[in-house]
$ cat entry-v3.cif   # mmCIF, C-alpha atoms and all ligand atoms
data_coords
loop_
_atom_site.label_atom_id
_atom_site.label_comp_id
_atom_site.auth_asym_id
_atom_site.auth_seq_id
_atom_site.Cartn_x
_atom_site.Cartn_y
_atom_site.Cartn_z
CA MET A 1 2.29 -9.87 21.03
CA SER A 2 3.58 -6.60 22.45
CA LYS A 3 0.83 -4.00 23.00
CA ASP A 4 3.42 -1.27 22.22
CA ASN A 5 3.20 -2.11 18.53
CA ILE A 6 -0.54 -1.69 18.23
CA ILE A 7 -1.69 1.32 16.25
CA ILE A 8 -5.34 2.40 16.43
CA THR A 9 -6.37 4.65 13.57
CA ASP A 10 -10.16 4.68 13.90
CA MET A 11 -12.31 7.14 15.80
CA GLY A 12 -13.85 4.55 18.09
CA SER A 13 -17.47 3.45 18.31
CA SER A 14 -18.68 7.08 18.36
CA ALA A 15 -18.14 7.02 14.59
CA SER A 16 -20.95 4.50 14.25
CA ASN A 17 -23.45 5.38 11.59
CA GLN A 18 -26.69 7.28 11.91
CA HIS A 19 -27.98 6.34 8.48
CA SER A 20 -31.65 5.52 7.95
CA ASP A 21 -31.03 2.65 5.44
CA LYS A 22 -28.94 0.28 7.43
CA PRO A 23 -25.43 0.35 5.94
CA VAL A 24 -23.58 -2.92 5.38
CA LEU A 25 -20.94 -3.68 8.04
CA CYS A 26 -17.76 -5.46 6.99
CA LEU A 27 -14.98 -6.97 9.06
CA GLY A 28 -11.71 -6.95 7.09
CA ILE A 29 -8.59 -8.93 7.99
CA GLU A 30 -5.06 -8.37 6.64
CA SER A 31 -2.07 -10.65 7.34
CA SER A 32 -0.10 -10.92 4.09
CA CYS A 33 3.20 -9.44 5.30
CA ASP A 34 4.30 -7.98 8.61
CA GLU A 35 1.11 -6.33 9.85
CA THR A 36 -1.73 -8.17 11.56
CA SER A 37 -4.67 -5.86 11.09
CA ALA A 38 -8.46 -5.85 11.35
CA ALA A 39 -11.05 -3.18 10.68
CA ILE A 40 -14.79 -2.77 10.77
CA ILE A 41 -16.14 -0.30 8.27
CA ASP A 42 -19.57 0.38 6.86
CA SER A 43 -20.83 1.00 3.37
CA ASP A 44 -21.19 4.71 4.22
CA LYS A 45 -17.38 4.87 4.48
CA ASN A 46 -17.25 5.11 8.28
CA ILE A 47 -14.27 3.37 9.85
CA LEU A 48 -15.80 2.11 13.10
CA ALA A 49 -12.64 0.39 14.29
CA HIS A 50 -9.20 -0.15 12.82
CA ILE A 51 -6.30 -1.85 14.56
CA ILE A 52 -2.88 -2.49 13.07
CA TYR A 53 -0.40 -4.65 14.95
CA SER A 54 3.01 -4.05 13.40
CA GLN A 55 5.60 -6.80 13.60
CA ILE A 56 8.38 -4.48 12.40
CA PRO A 57 10.33 -4.60 15.70
CA GLU A 58 10.36 -8.42 15.48
CA HIS A 59 11.95 -8.36 12.01
CA GLN A 60 14.18 -5.30 12.37
CA LYS A 61 17.21 -7.19 13.65
CA TYR A 62 17.17 -9.36 10.49
CA GLY A 63 16.97 -6.32 8.18
CA GLY A 64 13.73 -7.52 6.54
CA VAL A 65 10.65 -9.69 7.01
CA VAL A 66 11.37 -13.33 7.98
CA PRO A 67 8.37 -15.28 6.61
CA GLU A 68 8.37 -18.03 9.27
CA LEU A 69 8.55 -15.53 12.11
CA ALA A 70 5.82 -13.44 10.48
CA ALA A 71 3.46 -16.43 10.19
CA ARG A 72 4.01 -17.33 13.84
CA ALA A 73 3.47 -13.74 14.97
CA HIS A 74 0.20 -13.59 12.98
CA ILE A 75 -1.01 -16.78 14.70
CA LEU A 76 -0.26 -15.33 18.12
CA ALA A 77 -1.94 -11.99 17.35
CA ILE A 78 -4.91 -12.63 15.09
CA ASP A 79 -7.62 -13.65 17.61
CA GLU A 80 -6.77 -10.80 19.96
CA ILE A 81 -6.72 -8.21 17.16
CA ILE A 82 -10.14 -9.30 15.86
CA LYS A 83 -11.55 -9.28 19.40
CA LEU A 84 -10.15 -5.80 20.11
CA THR A 85 -11.51 -4.51 16.81
CA LEU A 86 -15.03 -5.74 17.61
CA GLU A 87 -14.79 -4.21 21.09
CA ARG A 88 -13.67 -0.82 19.76
CA ALA A 89 -16.52 -0.79 17.25
CA ASN A 90 -18.87 -1.77 20.06
CA LYS A 91 -20.13 -4.64 17.91
CA ASN A 92 -20.76 -8.32 18.36
CA ILE A 93 -19.65 -10.66 15.58
CA LYS A 94 -23.39 -11.25 14.89
CA ASP A 95 -23.76 -7.56 13.95
CA ILE A 96 -21.26 -7.94 11.11
CA ASP A 97 -22.80 -8.50 7.66
CA VAL A 98 -19.75 -9.48 5.62
CA ILE A 99 -16.35 -11.02 6.41
CA ALA A 100 -13.42 -10.16 4.13
CA ALA A 101 -9.80 -11.25 4.30
CA THR A 102 -6.68 -11.12 2.17
CA ALA A 103 -6.40 -14.36 0.17
CA GLY A 104 -3.18 -13.34 -1.63
CA PRO A 105 -0.77 -12.27 -2.94
CA GLY A 106 1.76 -12.26 -0.10
CA LEU A 107 3.76 -14.43 2.27
CA ILE A 108 1.65 -17.56 2.20
CA GLY A 109 2.12 -18.52 5.87
CA GLY A 110 0.68 -15.19 6.97
CA VAL A 111 -2.08 -15.13 4.35
CA LEU A 112 -3.21 -18.59 5.51
CA VAL A 113 -3.53 -17.39 9.12
CA GLY A 114 -5.85 -14.49 8.26
CA TRP A 115 -7.75 -16.42 5.63
CA MET A 116 -8.42 -19.41 7.93
CA ALA A 117 -9.57 -17.06 10.71
CA ALA A 118 -12.01 -15.38 8.30
CA THR A 119 -13.22 -18.72 6.94
CA GLY A 120 -13.86 -19.97 10.47
CA ILE A 121 -15.83 -16.85 11.43
CA ALA A 122 -17.85 -16.91 8.20
CA ASP A 123 -18.65 -20.62 8.64
CA ALA A 124 -19.66 -20.23 12.28
CA THR A 125 -21.82 -17.14 11.68
CA LYS A 126 -23.13 -18.12 8.20
CA LYS A 127 -22.07 -14.71 6.87
CA PRO A 128 -20.87 -14.09 3.33
CA LEU A 129 -17.10 -14.31 2.86
CA ILE A 130 -15.02 -12.26 0.42
CA ALA A 131 -11.57 -13.34 -0.79
CA VAL A 132 -9.76 -10.04 -1.22
CA ASN A 133 -6.74 -9.58 -3.44
CA HIS A 134 -4.28 -7.56 -1.33
CA LEU A 135 -3.35 -5.40 -4.33
CA GLU A 136 -7.02 -4.66 -4.93
CA GLY A 137 -7.14 -3.47 -1.31
CA HIS A 138 -4.41 -0.92 -2.11
CA ALA A 139 -6.02 -0.07 -5.46
CA LEU A 140 -9.52 0.61 -4.11
CA VAL A 141 -8.79 2.23 -0.74
CA PRO A 142 -8.46 5.70 -2.33
CA ARG A 143 -12.25 5.40 -2.91
CA LEU A 144 -12.76 4.96 0.86
CA LYS A 145 -10.74 8.04 1.79
CA SER A 146 -8.44 10.29 -0.20
CA THR A 147 -6.79 13.66 0.08
CA SER A 148 -4.70 15.80 -2.24
CA ALA A 149 -0.96 16.14 -1.58
CA SER A 150 -1.09 19.83 -0.74
CA ASP A 151 -4.16 19.75 1.48
CA SER A 152 -4.65 16.69 3.66
CA ALA A 153 -8.01 18.02 4.87
CA THR A 154 -9.75 17.74 1.49
CA ASP A 155 -11.86 14.67 0.98
CA ILE A 156 -11.70 13.58 -2.66
CA ASN A 157 -14.26 11.31 -4.20
CA VAL A 158 -12.38 8.98 -6.55
CA GLU A 159 -14.52 7.63 -9.36
CA PHE A 160 -13.78 5.04 -12.06
CA PRO A 161 -11.87 5.10 -14.33
CA TYR A 162 -8.66 6.36 -12.72
CA LEU A 163 -4.97 6.02 -13.45
CA LEU A 164 -3.21 4.38 -10.53
CA MET A 165 0.43 4.33 -9.52
CA LEU A 166 0.59 1.31 -7.23
CA ALA A 167 3.92 1.32 -5.40
CA SER A 168 4.52 -0.97 -2.45
CA GLY A 169 7.26 -3.18 -1.06
CA GLY A 170 6.41 -6.00 -3.46
CA HIS A 171 4.86 -4.24 -6.47
CA CYS A 172 5.33 -1.30 -8.80
CA GLN A 173 2.68 -0.94 -11.47
CA ILE A 174 0.75 1.66 -13.42
CA LEU A 175 -2.84 0.50 -13.81
CA LEU A 176 -5.93 1.78 -15.49
CA VAL A 177 -8.66 1.05 -12.97
CA ARG A 178 -11.96 0.76 -14.80
CA GLY A 179 -13.99 -0.74 -11.97
CA VAL A 180 -13.96 -3.34 -9.18
CA GLY A 181 -12.05 -6.32 -10.59
CA LYS A 182 -11.29 -4.41 -13.81
CA TYR A 183 -7.59 -3.60 -14.01
CA GLU A 184 -5.51 -2.98 -17.11
CA LEU A 185 -1.75 -3.09 -16.73
CA ILE A 186 -0.12 -0.08 -18.38
CA GLY A 187 3.39 -0.53 -17.03
CA GLN A 188 5.31 -2.42 -14.37
CA THR A 189 8.78 -2.89 -12.97
CA LEU A 190 11.13 -5.21 -14.80
CA ASP A 191 13.12 -5.91 -11.62
CA ASP A 192 12.78 -4.36 -8.14
CA SER A 193 9.75 -2.52 -6.81
CA ALA A 194 10.10 1.11 -5.72
CA GLY A 195 9.69 0.10 -2.07
CA GLU A 196 12.40 -2.52 -2.43
CA ALA A 197 14.77 0.11 -3.85
CA PHE A 198 14.11 2.35 -0.82
CA ASP A 199 14.59 -0.58 1.57
CA LYS A 200 17.79 -1.82 -0.06
CA VAL A 201 19.42 1.61 -0.24
CA ALA A 202 18.51 2.22 3.43
CA LYS A 203 20.10 -1.12 4.29
CA MET A 204 23.32 -0.20 2.44
CA LEU A 205 23.44 3.02 4.46
CA GLY A 206 22.81 1.07 7.67
CA LEU A 207 19.60 3.04 8.33
CA GLY A 208 17.38 0.11 9.36
CA TYR A 209 14.14 -1.46 8.17
CA PRO A 210 11.77 -0.53 6.59
CA GLY A 211 13.90 1.92 4.66
CA GLY A 212 11.27 4.01 2.90
CA PRO A 213 10.18 6.18 5.82
CA ILE A 214 13.79 6.70 6.99
CA VAL A 215 15.11 7.64 3.53
CA ASP A 216 12.09 9.96 3.07
CA LYS A 217 12.89 11.73 6.36
CA ARG A 218 16.63 12.05 5.65
CA ALA A 219 15.94 13.23 2.08
CA LYS A 220 13.96 16.20 3.42
CA GLU A 221 17.23 17.54 4.90
CA GLY A 222 19.42 16.73 1.89
CA ASN A 223 20.60 18.10 -1.44
CA THR A 224 19.01 16.30 -4.41
CA LYS A 225 21.81 17.39 -6.76
CA ARG A 226 24.92 16.26 -4.85
CA PHE A 227 25.06 12.71 -6.23
CA LYS A 228 24.29 11.55 -9.75
CA PHE A 229 21.93 8.59 -9.88
CA PRO A 230 20.74 7.12 -13.18
CA ARG A 231 17.13 7.39 -14.41
CA PRO A 232 16.73 3.91 -15.96
CA LEU A 233 14.47 3.64 -19.03
CA CYS A 234 13.62 7.35 -18.92
CA ASP A 235 15.09 7.90 -22.38
CA LYS A 236 12.93 5.08 -23.74
CA PRO A 237 9.27 5.03 -24.71
CA GLY A 238 6.83 2.95 -22.65
CA CYS A 239 5.66 2.85 -19.08
CA ASP A 240 7.81 0.12 -17.51
CA PHE A 241 10.20 0.74 -14.63
CA SER A 242 13.63 -0.52 -13.65
CA PHE A 243 15.13 0.25 -10.27
CA SER A 244 18.01 -2.22 -10.06
CA GLY A 245 20.41 0.17 -11.86
CA ILE A 246 19.73 2.86 -9.25
CA LYS A 247 20.48 0.33 -6.53
CA THR A 248 23.78 -0.67 -8.22
CA ALA A 249 24.73 2.99 -8.63
CA ALA A 250 24.11 3.44 -4.90
CA ARG A 251 26.39 0.48 -4.11
CA ILE A 252 29.19 1.81 -6.36
CA LEU A 253 28.94 5.32 -4.92
CA LEU A 254 29.06 3.97 -1.38
CA ASP A 255 32.02 1.69 -2.10
CA LYS A 256 33.92 4.75 -3.35
CA THR A 257 33.31 6.63 -0.10
CA GLU A 258 35.18 5.69 3.04
CA GLU A 259 32.90 4.89 5.93
CA THR A 260 34.35 7.68 8.06
CA LEU A 261 33.23 10.21 5.45
CA ARG A 262 29.63 9.05 5.58
CA ASP A 263 28.48 11.70 8.03
CA ASP A 264 24.92 12.92 8.51
CA LYS A 265 25.19 15.44 5.68
CA PHE A 266 26.51 12.74 3.35
CA ILE A 267 23.60 10.43 4.24
CA ASN A 268 20.97 13.18 3.87
CA ASP A 269 22.34 14.23 0.46
CA PHE A 270 22.64 10.59 -0.62
CA CYS A 271 19.00 9.91 0.35
CA ALA A 272 17.79 13.11 -1.33
CA SER A 273 19.68 12.37 -4.57
CA PHE A 274 18.52 8.74 -4.63
CA GLN A 275 14.89 9.68 -3.91
CA ALA A 276 14.96 12.34 -6.64
CA SER A 277 15.92 9.67 -9.18
CA VAL A 278 12.99 7.46 -8.10
CA VAL A 279 10.60 10.43 -8.29
CA ASP A 280 11.88 11.35 -11.79
CA CYS A 281 11.41 7.75 -13.00
CA ILE A 282 7.85 7.63 -11.66
CA ILE A 283 6.95 10.98 -13.26
CA ASN A 284 8.59 10.05 -16.59
CA ARG A 285 6.72 6.74 -16.79
CA LEU A 286 3.41 8.28 -15.69
CA THR A 287 3.79 11.03 -18.31
CA ASN A 288 4.12 8.36 -20.98
CA ALA A 289 1.10 6.56 -19.52
CA LEU A 290 -0.96 9.75 -19.69
CA HIS A 291 -0.07 10.08 -23.38
CA ASP A 292 -0.81 6.40 -24.05
CA GLU A 293 -3.63 6.07 -26.61
CA HIS A 294 -5.42 3.45 -24.56
CA VAL A 295 -5.33 5.60 -21.43
CA VAL A 296 -6.32 8.76 -23.31
CA SER A 297 -9.36 7.02 -24.78
CA ALA A 298 -10.48 5.89 -21.31
CA ALA A 299 -10.21 9.56 -20.15
CA PRO A 300 -9.43 8.99 -16.44
CA LYS A 301 -10.23 12.11 -14.43
CA THR A 302 -8.05 11.31 -11.44
CA LEU A 303 -4.38 10.40 -11.02
CA VAL A 304 -4.05 8.25 -7.90
CA VAL A 305 -1.14 6.88 -5.88
CA ALA A 306 -1.49 3.95 -3.47
CA GLY A 307 0.63 1.36 -1.61
CA GLY A 308 3.24 1.90 1.10
CA VAL A 309 5.43 4.12 -1.08
CA ALA A 310 2.45 6.48 -1.48
CA LYS A 311 3.45 7.80 1.95
CA ASN A 312 6.42 9.51 0.32
CA SER A 313 5.80 13.24 0.26
CA ALA A 314 8.15 13.95 -2.67
CA ILE A 315 6.27 11.39 -4.80
CA ARG A 316 2.88 12.75 -3.71
CA ASP A 317 3.92 16.35 -4.50
CA ALA A 318 5.42 15.50 -7.89
CA MET A 319 2.36 13.47 -8.87
CA GLU A 320 0.02 16.27 -7.85
CA LYS A 321 1.94 18.68 -10.12
CA LEU A 322 1.76 16.16 -12.97
CA ALA A 323 -2.00 15.73 -12.50
CA CYS A 324 -2.41 19.50 -12.62
CA LYS A 325 -0.47 19.66 -15.92
CA PHE A 326 -2.90 17.15 -17.42
CA ASN A 327 -5.97 18.89 -15.94
CA MET A 328 -6.62 15.95 -13.70
CA GLU A 329 -7.41 15.70 -10.03
CA PHE A 330 -4.81 14.06 -7.78
CA ALA A 331 -5.76 11.71 -4.95
CA ALA A 332 -3.85 9.74 -2.33
CA PRO A 333 -5.10 7.76 0.65
CA PRO A 334 -4.35 9.29 4.07
CA MET A 335 -0.98 8.10 5.43
CA SER A 336 -2.56 5.48 7.73
CA LEU A 337 -4.22 3.76 4.74
CA CYS A 338 -1.11 3.60 2.49
CA THR A 339 0.89 0.85 4.17
CA ASP A 340 -0.78 -2.52 4.77
CA ASN A 341 -3.97 -2.28 6.82
CA GLY A 342 -7.27 -4.01 7.50
CA ALA A 343 -9.46 -1.06 6.45
CA MET A 344 -8.39 -1.39 2.82
CA ILE A 345 -9.30 -5.08 2.91
CA ALA A 346 -12.68 -4.34 4.51
CA TRP A 347 -13.36 -1.66 1.87
CA ALA A 348 -12.35 -3.93 -1.04
CA GLY A 349 -14.57 -6.55 0.62
CA LEU A 350 -17.54 -4.17 0.56
CA GLU A 351 -16.89 -3.14 -3.04
CA ASN A 352 -16.81 -6.81 -4.09
CA TYR A 353 -19.86 -7.64 -1.98
CA LYS A 354 -21.79 -4.89 -3.80
CA ILE A 355 -21.18 -6.66 -7.12
CA GLY A 356 -21.96 -10.12 -5.70
CA ASN A 357 -18.38 -11.36 -5.74
CA ILE A 358 -18.65 -13.60 -2.68
CA VAL A 359 -16.95 -16.94 -2.01
CA LYS A 360 -19.10 -19.84 -3.20
CA GLU A 361 -16.60 -22.70 -2.94
CA PRO A 362 -13.40 -23.22 -0.94
CA VAL A 363 -10.63 -20.80 -1.91
CA ALA A 364 -6.93 -21.70 -1.82
CA PRO A 365 -4.88 -18.61 -0.86
CA ARG A 366 -2.35 -17.60 -3.50
CA PRO A 367 1.21 -16.31 -2.97
CA ARG A 368 1.06 -14.81 -6.49
CA TRP A 369 -2.19 -13.27 -7.70
CA PRO A 370 -1.85 -10.50 -10.31
CA LEU A 371 -4.67 -7.94 -10.46
CA THR A 372 -5.13 -8.73 -14.12
CA GLU A 373 -6.26 -12.25 -13.11
CA LEU A 374 -9.30 -11.09 -11.12
O1 LIG B 1 2.15 -1.55 0.91
P1 LIG B 1 3.17 -1.93 1.91
O2 LIG B 1 2.89 -1.65 3.36
O3 LIG B 1 3.53 -3.45 1.84
C1 LIG B 1 3.48 -4.20 0.66
O4 LIG B 1 2.36 -4.58 0.25
O5 LIG B 1 4.58 -4.44 0.13
O6 LIG B 1 4.52 -1.18 1.49
C2 LIG B 1 5.69 -1.26 2.24
C3 LIG B 1 6.77 -0.49 1.50
C4 LIG B 1 8.15 -0.67 2.10
O7 LIG B 1 9.06 -0.98 1.06
C5 LIG B 1 8.45 0.68 2.70
O8 LIG B 1 9.83 1.00 2.75
C6 LIG B 1 7.69 1.60 1.77
O9 LIG B 1 6.49 0.92 1.53
N1 LIG B 1 7.43 2.92 2.36
C7 LIG B 1 7.93 4.08 1.87
C8 LIG B 1 7.52 5.11 2.75
N2 LIG B 1 6.77 4.53 3.75
C9 LIG B 1 6.73 3.20 3.49
N3 LIG B 1 8.68 4.32 0.78
C10 LIG B 1 9.04 5.60 0.53
N4 LIG B 1 8.69 6.64 1.35
C11 LIG B 1 7.95 6.44 2.45
N5 LIG B 1 7.61 7.45 3.23
ZN ZN B 2 0.68 -4.02 0.62
#

$ encode --input "entry-v3.cif" --output "structure tokens"
Amino acid sequence: MSKDNIIITDMGSSASNQHSDKPVLCLGIESSCDETSAAIIDSDKNILAHIIYSQIPEHQKYGGVVPELAARAHILAIDEIIKLTLERANKNIKDIDVIAATAGPGLIGGVLVGWMAATGIADATKKPLIAVNHLEGHALVPRLKSTSASDSATDINVEFPYLLMLASGGHCQILLVRGVGKYELIGQTLDDSAGEAFDKVAKMLGLGYPGGPIVDKRAKEGNTKRFKFPRPLCDKPGCDFSFSGIKTAARILLDKTEETLRDDKFINDFCASFQASVVDCIINRLTNALHDEHVVSAAPKTLVVAGGVAKNSAIRDAMEKLACKFNMEFAAPPMSLCTDNGAMIAWAGLENYKIGNIVKEPVAPRPRWPLTEL
């Protein structure tokens, strides 16, 4: 495990609580993809420690995550990351009240590593254990911390019900979030996820992995109107997505352009035009969702974006404008809580603990685990 790839996003043990009723302390563990992460947070929303060990450099040369390598890297990192997290929070494992870990969905080798570590700690310390659905981690973390797109200093309190755009590397869904464990699927992708589209287009352009942040950066310098990308399904009713047509259009456009002509300006304009099509699709589908009878009758007050793709500033800005049009508030987690992280698992652990959703019999981690099956 290279220490260069460790990101610390907490404020250290000085953030420890000064509350009179003792808040509940939760250790959360995430290992479902290419981040080994642990966090200790309390029920007053203080992040006492949060460490993310990114394996991205280990997978970069393969152009994507290699599951076997990821599982092995999790095994090598997990004990050290948990130990460092406890040290940064200035806590002993006995001080922790609840242990939470991702139990799916995700790459099963990695999920097993984090889940078995959590099970071992919970068994040894006799503490309650929470099996967290990774997607629920993304879905609930805006309630731990959220900002608006235009002002990252505002702290928005996200209450149920809310309309959620969940966009990550593996998922792309619009959900009505009514409460912990209460998710109604309003729309979803019929093929690729939004994150996958970003990653694949970046790969075609030879920009590296993961593609989302690189395309986002290049798009900021580019012309959104230079290339024509399709807006799949946008002329149809409903809230489902399709991104594979955009990906094919990218391939065709690239094949028509000689490699020598693909200069920086070409790449920036290509990224900007591609990203604009993804943004338009998201806004079109969300607009339909906000007119959907079922959603209207639930009257969500907040439009929320979460998942790795929520880091995209064009998507955040467009969604904030849409929320404004519908007289809704807009909320997004801070950048450090969008991509996979242990704090979102610890927070989802605390939210489940509050409603008594603790593990009572052995849990088998699941590679597939839709939110609608909670
Ligand atoms: O939530 P996440 O960390 O992992 C999954 O649960 O899948 O999301 C990772 C995805 C990747 O596809 C990555 O390219 C994308 O999030 N991503 C972005 C940005 N930052 C990360 N996509 C668009 N713009 C970004 N700034
Ligand atoms: Zn994720």

$ closest_atom_pairs --input "entry-v3.cif" --of "chain A" --to "ligand ZN 2 (chain B)" --cutoff "7 Å" --atoms "only C-alpha atoms and all ligand atoms" --output "JSON lines"
{"residue": "A:His134", "atom": "CA", "partner": "B:ZN2", "partner_atom": "ZN", "distance": 6.4}
{"residue": "A:Leu135", "atom": "CA", "partner": "B:ZN2", "partner_atom": "ZN", "distance": 6.5}
{"residue": "A:His138", "atom": "CA", "partner": "B:ZN2", "partner_atom": "ZN", "distance": 6.6}
{"residue": "A:Ser168", "atom": "CA", "partner": "B:ZN2", "partner_atom": "ZN", "distance": 5.8}
{"residue": "A:Gly169", "atom": "CA", "partner": "B:ZN2", "partner_atom": "ZN", "distance": 6.8}
{"residue": "A:Gly307", "atom": "CA", "partner": "B:ZN2", "partner_atom": "ZN", "distance": 5.8}
{"residue": "A:Gly308", "atom": "CA", "partner": "B:ZN2", "partner_atom": "ZN", "distance": 6.5}
{"residue": "A:Thr339", "atom": "CA", "partner": "B:ZN2", "partner_atom": "ZN", "distance": 6.0}
{"residue": "A:Asp340", "atom": "CA", "partner": "B:ZN2", "partner_atom": "ZN", "distance": 4.6}

$ residues_near_ligand --input "entry-v3.cif" --ligand "ligand LIG 1 (chain B)" --cutoff "8 Å" --atoms "all atoms listed in the file" --output "ChimeraX atom specification"
/A:32-33,106,134-135,138,167-171,194-199,209-217,306-313,338-341

$ residues_around --input "entry-v3.cif" --residues "A:Gly63" --least-positions-apart "5" --cutoff "12 Å" --atoms "all atoms listed in the file" --output "PyMOL selection string"
chain A and resi 56-58+199-211

$ closest_residue --input "entry-v3.cif" --among "A:Leu163, A:Lys301, A:Leu129, A:Pro333" --to "A:Thr287" --atoms "only C-alpha atoms"
A:Leu163

$ residues_around --input "entry-v3.cif" --residues "A:Lys228" --least-positions-apart "5" --cutoff "10 Å" --atoms "all atoms listed in the file" --output "list in words"
Ile246, Ala249, Ala250, Leu253, Phe270, Ser273, Phe274, Ala276 and Ser277 of chain A

$ atom_distance --input "entry-v3.cif" --atom1 "atom CA of A:Lys321" --atom2 "atom CA of A:Thr248"
29.2 Å

$ build_atoms --input "entry-v3.cif" --residues "stretch 322-328 of chain A" --atoms "all heavy atoms" --output "PDB file, in the coordinates of the input"
ATOM      1  N   LEU A 322       1.991  16.814 -11.679  1.00  0.00           N
ATOM      2  CA  LEU A 322       1.760  16.160 -12.970  1.00  0.00           C
ATOM      3  C   LEU A 322       0.261  16.127 -13.290  1.00  0.00           C
ATOM      4  O   LEU A 322      -0.145  16.430 -14.421  1.00  0.00           O
ATOM      5  CB  LEU A 322       2.333  14.728 -12.931  1.00  0.00           C
ATOM      6  CG  LEU A 322       2.201  13.938 -14.230  1.00  0.00           C
ATOM      7  CD1 LEU A 322       3.109  14.524 -15.311  1.00  0.00           C
ATOM      8  CD2 LEU A 322       2.557  12.465 -14.015  1.00  0.00           C
ATOM      9  N   ALA A 323      -0.541  15.786 -12.304  1.00  0.00           N
ATOM     10  CA  ALA A 323      -2.000  15.730 -12.500  1.00  0.00           C
ATOM     11  C   ALA A 323      -2.508  17.099 -12.951  1.00  0.00           C
ATOM     12  O   ALA A 323      -3.313  17.212 -13.888  1.00  0.00           O
ATOM     13  CB  ALA A 323      -2.690  15.294 -11.214  1.00  0.00           C
ATOM     14  N   CYS A 324      -1.996  18.133 -12.316  1.00  0.00           N
ATOM     15  CA  CYS A 324      -2.410  19.500 -12.620  1.00  0.00           C
ATOM     16  C   CYS A 324      -2.090  19.830 -14.087  1.00  0.00           C
ATOM     17  O   CYS A 324      -2.921  20.394 -14.794  1.00  0.00           O
ATOM     18  CB  CYS A 324      -1.664  20.416 -11.645  1.00  0.00           C
ATOM     19  SG  CYS A 324      -2.293  22.049 -11.628  1.00  0.00           S
ATOM     20  N   LYS A 325      -0.891  19.423 -14.536  1.00  0.00           N
ATOM     21  CA  LYS A 325      -0.470  19.660 -15.920  1.00  0.00           C
ATOM     22  C   LYS A 325      -1.437  19.037 -16.915  1.00  0.00           C
ATOM     23  O   LYS A 325      -1.644  19.530 -18.011  1.00  0.00           O
ATOM     24  CB  LYS A 325       0.904  19.008 -16.127  1.00  0.00           C
ATOM     25  CG  LYS A 325       2.016  19.948 -16.433  1.00  0.00           C
ATOM     26  CD  LYS A 325       3.178  19.120 -16.955  1.00  0.00           C
ATOM     27  CE  LYS A 325       4.495  19.720 -16.602  1.00  0.00           C
ATOM     28  NZ  LYS A 325       5.606  18.797 -16.832  1.00  0.00           N
ATOM     29  N   PHE A 326      -1.993  17.884 -16.533  1.00  0.00           N
ATOM     30  CA  PHE A 326      -2.900  17.150 -17.420  1.00  0.00           C
ATOM     31  C   PHE A 326      -4.369  17.443 -17.101  1.00  0.00           C
ATOM     32  O   PHE A 326      -5.249  16.695 -17.514  1.00  0.00           O
ATOM     33  CB  PHE A 326      -2.627  15.637 -17.325  1.00  0.00           C
ATOM     34  CG  PHE A 326      -1.420  15.206 -18.126  1.00  0.00           C
ATOM     35  CD1 PHE A 326      -0.140  15.379 -17.622  1.00  0.00           C
ATOM     36  CD2 PHE A 326      -1.550  14.653 -19.393  1.00  0.00           C
ATOM     37  CE1 PHE A 326       0.980  15.004 -18.345  1.00  0.00           C
ATOM     38  CE2 PHE A 326      -0.442  14.269 -20.135  1.00  0.00           C
ATOM     39  CZ  PHE A 326       0.843  14.446 -19.611  1.00  0.00           C
ATOM     40  N   ASN A 327      -4.597  18.512 -16.342  1.00  0.00           N
ATOM     41  CA  ASN A 327      -5.970  18.890 -15.940  1.00  0.00           C
ATOM     42  C   ASN A 327      -6.711  17.764 -15.259  1.00  0.00           C
ATOM     43  O   ASN A 327      -7.901  17.551 -15.507  1.00  0.00           O
ATOM     44  CB  ASN A 327      -6.780  19.340 -17.171  1.00  0.00           C
ATOM     45  CG  ASN A 327      -6.372  20.705 -17.597  1.00  0.00           C
ATOM     46  OD1 ASN A 327      -6.051  21.549 -16.744  1.00  0.00           O
ATOM     47  ND2 ASN A 327      -6.339  20.914 -18.902  1.00  0.00           N
ATOM     48  N   MET A 328      -5.990  17.050 -14.434  1.00  0.00           N
ATOM     49  CA  MET A 328      -6.620  15.950 -13.700  1.00  0.00           C
ATOM     50  C   MET A 328      -6.603  16.278 -12.212  1.00  0.00           C
ATOM     51  O   MET A 328      -5.818  17.110 -11.750  1.00  0.00           O
ATOM     52  CB  MET A 328      -5.843  14.639 -13.915  1.00  0.00           C
ATOM     53  CG  MET A 328      -5.921  14.115 -15.322  1.00  0.00           C
ATOM     54  SD  MET A 328      -4.735  12.779 -15.524  1.00  0.00           S
ATOM     55  CE  MET A 328      -5.672  11.391 -14.899  1.00  0.00           C
TER      56      MET A 328
END
